[in-house]
Amino acid sequence: MKPISVLIVEDDIRISKVHAKFLAAVEHYELIGVANSISDGKYMVDTLQPDLILLDLFFPEGNGIDLLYQLRREHSDVDVILITAAKDMDNLNAALKGGVFDYIIKPVFIDRFKEALQNYYSRTLKTRNQTTVDQDFIDELIKNNAAASPHLESKDVPKGIDPITLNDVLAAFDNCPDEGVSATEIGKATGLARTTARKYCEYLLSVGQLKIKLEYGTIGRPERKYIGSSSP
């Protein structure tokens, strides 16, 4: 089967780069475009005809739900996975009524991201060349879709960790050198105080998104260097 083509529609360029990096780690997928506005997203859907959109919810110009509903009114068969910081039931209900395949809460962790993409690929394999169905096929398909249904609370972050700031810190590791970076360097890259940057780095370390390397100098305690979990 040819790779599943994906369009990322996300207004934050740094976050879109993180999602693109995550996507590159999942087999059977191909990134064909990144749009940083709703209008560009609509144009690229019409032009590129992706199989799947990874869609943000909040844009300076409006709401990603509006794009979702516009596509449905136009009978577009593109599938959508919403990736958003929104945790309210109104947006979740609107997304489900618009037929999203999954709903992922920011900050996005790679395990949850891979789970969504693997579930989508599994469903695609089952349905792409199917011309007729029976009850067993339908029951299996619906069971798999239910397993991929949104669960808002599973990846909630602890108190004191802001999801947007967390994504900024994670994005700072996109071009991280192999030897790692210190909390001070991450603070400079993100505009955070060193202590705040370290708090976010330690949280990412605790959930497996970063690795740690201790660098020993001539005096004092070793310096903690943080490395992206996908680095060698």
# chains A, B, ... in the order shown; residues from 1 in each chain; ligands from 1
$ residues_around --residues "Ile15 (chain A)" --least-positions-apart "5" --cutoff "9 Å" --atoms "only C-alpha atoms" --output "mmCIF file with C-alpha atoms, in the first residue's frame"
data_model
loop_
_atom_site.group_PDB
_atom_site.id
_atom_site.type_symbol
_atom_site.label_atom_id
_atom_site.label_comp_id
_atom_site.auth_asym_id
_atom_site.auth_seq_id
_atom_site.Cartn_x
_atom_site.Cartn_y
_atom_site.Cartn_z
ATOM 1 C CA GLU A 10 -0.926 24.232 12.865
ATOM 2 C CA ALA A 20 6.520 16.610 11.567
ATOM 3 C CA ASN A 167 5.696 22.413 23.517
ATOM 4 C CA ASP A 168 8.070 25.368 23.147
ATOM 5 C CA LEU A 170 10.209 20.351 23.363
ATOM 6 C CA ALA A 171 10.522 22.193 20.042
#
$ closest_atom_pairs --of "region 99-173 of chain A" --to "region 24-31 of chain A" --cutoff "10 Å" --atoms "only C-alpha atoms" --output "CSV"
residue,atom,partner,partner_atom,distance
A:Ile110,CA,A:Ala25,CA,9.0
A:Phe113,CA,A:Val26,CA,9.1
A:Lys114,CA,A:Val26,CA,6.5
A:Glu115,CA,A:Val26,CA,9.7
A:Leu117,CA,A:Val26,CA,7.5
A:Gln118,CA,A:Val26,CA,8.0
A:Tyr121,CA,A:His28,CA,7.7
$ select_by_dssp --residues "region 19-168 of chain A" --states "alpha helix (DSSP H)" --output "MDAnalysis selection string"
chainID A and resid 19:24 38:48 64:73 89:97 110:127 135:147 163:168
$ atom_distance --atom1 "CA of Ile38 (chain A)" --atom2 "CA of Lys97 (chain A)"
19.5 Å
$ closest_residue --among "A:Glu61, A:Thr184, A:Asn119, A:Ile8" --to "Gly41 (chain A)" --atoms "only C-alpha atoms"
A:Ile8
$ closest_residue --among "A:Leu23, A:Cys201, A:Ile142, A:Leu214" --to "Arg112 (chain A)" --atoms "only C-alpha atoms"
A:Leu23
$ atom_distance --atom1 "CA of Asn91 (chain A)" --atom2 "CA of Thr127 (chain A)"
28.0 Å
$ residues_around --residues "Leu92 (chain A)" --least-positions-apart "4" --cutoff "10 Å" --atoms "only C-alpha atoms" --output "list in words"
Ile65, Leu82, Ala86, Lys87, Asp88, Leu96, Lys97, Gly98, Val100, Tyr103, Pro150 and Leu152 of chain A
$ closest_residue --among "A:Phe109, A:Glu140, A:Pro158, A:Ser16" --to "Arg123 (chain A)" --atoms "only C-alpha atoms"
A:Glu140
$ residues_around --residues "Lys213 (chain A)" --least-positions-apart "2" --cutoff "10 Å" --atoms "only C-alpha atoms" --output "number ranges by chain"
A: 179-182, 211, 215-216, 222-227
$ closest_residue --among "A:Asp40, A:Tyr120, A:Asp77, A:Pro60" --to "Asp102 (chain A)" --atoms "only C-alpha atoms"
A:Tyr120
$ closest_residue --among "A:Asn129, A:Asp12, A:Gly99, A:Ile32" --to "Arg73 (chain A)" --atoms "only C-alpha atoms"
A:Gly99
$ select_by_dssp --residues "region 75-118 of chain A" --states "strand (DSSP E)" --output "PDB file with N, CA and C atoms, in the first residue's frame"
ATOM      1  N   ASP A  79      -9.615  12.463   6.134  1.00  0.00           N
ATOM      2  CA  ASP A  79      -9.767  12.180   7.558  1.00  0.00           C
ATOM      3  C   ASP A  79      -9.004  13.215   8.375  1.00  0.00           C
ATOM      4  N   VAL A  80      -9.431  13.378   9.625  1.00  0.00           N
ATOM      5  CA  VAL A  80      -8.870  14.427  10.486  1.00  0.00           C
ATOM      6  C   VAL A  80      -8.572  13.862  11.864  1.00  0.00           C
ATOM      7  N   ILE A  81      -7.386  14.168  12.359  1.00  0.00           N
ATOM      8  CA  ILE A  81      -7.049  13.977  13.768  1.00  0.00           C
ATOM      9  C   ILE A  81      -6.804  15.362  14.350  1.00  0.00           C
ATOM     10  N   LEU A  82      -7.598  15.733  15.344  1.00  0.00           N
ATOM     11  CA  LEU A  82      -7.421  17.032  15.985  1.00  0.00           C
ATOM     12  C   LEU A  82      -6.326  16.946  17.045  1.00  0.00           C
ATOM     13  N   ILE A  83      -5.431  17.930  17.041  1.00  0.00           N
ATOM     14  CA  ILE A  83      -4.376  18.031  18.049  1.00  0.00           C
ATOM     15  C   ILE A  83      -4.474  19.424  18.651  1.00  0.00           C
ATOM     16  N   THR A  84      -4.872  19.514  19.915  1.00  0.00           N
ATOM     17  CA  THR A  84      -5.233  20.801  20.484  1.00  0.00           C
ATOM     18  C   THR A  84      -5.014  20.836  21.989  1.00  0.00           C
ATOM     19  N   ASP A 102      -9.588  10.960  15.707  1.00  0.00           N
ATOM     20  CA  ASP A 102      -9.013  10.975  17.052  1.00  0.00           C
ATOM     21  C   ASP A 102      -8.871  12.423  17.503  1.00  0.00           C
ATOM     22  N   TYR A 103      -8.646  12.600  18.794  1.00  0.00           N
ATOM     23  CA  TYR A 103      -8.560  13.927  19.421  1.00  0.00           C
ATOM     24  C   TYR A 103      -7.445  13.841  20.450  1.00  0.00           C
ATOM     25  N   ILE A 104      -6.337  14.541  20.199  1.00  0.00           N
ATOM     26  CA  ILE A 104      -5.157  14.432  21.045  1.00  0.00           C
ATOM     27  C   ILE A 104      -4.917  15.764  21.752  1.00  0.00           C
ATOM     28  N   ILE A 105      -4.717  15.679  23.067  1.00  0.00           N
ATOM     29  CA  ILE A 105      -4.499  16.875  23.876  1.00  0.00           C
ATOM     30  C   ILE A 105      -3.016  17.250  23.863  1.00  0.00           C
TER      31      ILE A 105
END
$ closest_residue --among "A:Ala197, A:Val207, A:Leu68, A:Met1" --to "Pro107 (chain A)" --atoms "only C-alpha atoms"
A:Val207
$ residues_around --residues "Ser39 (chain A)" --least-positions-apart "3" --cutoff "10 Å" --atoms "only C-alpha atoms" --output "PyMOL selection string"
chain A and resi 9+35-36+42-45+61-62+67
$ write_last_selection --atoms "C-alpha atoms" --output "PDB file, in the first residue's frame"
ATOM      1  CA  VAL A   9      -2.389  22.462   9.819  1.00  0.00           C
ATOM      2  CA  ALA A  35      -0.010  25.005   6.628  1.00  0.00           C
ATOM      3  CA  ASN A  36       0.180  27.643   9.356  1.00  0.00           C
ATOM      4  CA  LYS A  42      -8.012  24.785   3.012  1.00  0.00           C
ATOM      5  CA  TYR A  43      -6.024  25.673  -0.099  1.00  0.00           C
ATOM      6  CA  MET A  44      -3.563  22.839   0.513  1.00  0.00           C
ATOM      7  CA  VAL A  45      -6.347  20.322   1.142  1.00  0.00           C
ATOM      8  CA  GLU A  61      -8.101  33.828  12.276  1.00  0.00           C
ATOM      9  CA  GLY A  62     -10.604  31.357  13.688  1.00  0.00           C
ATOM     10  CA  LEU A  67     -12.343  24.105   8.598  1.00  0.00           C
TER      11      LEU A  67
END
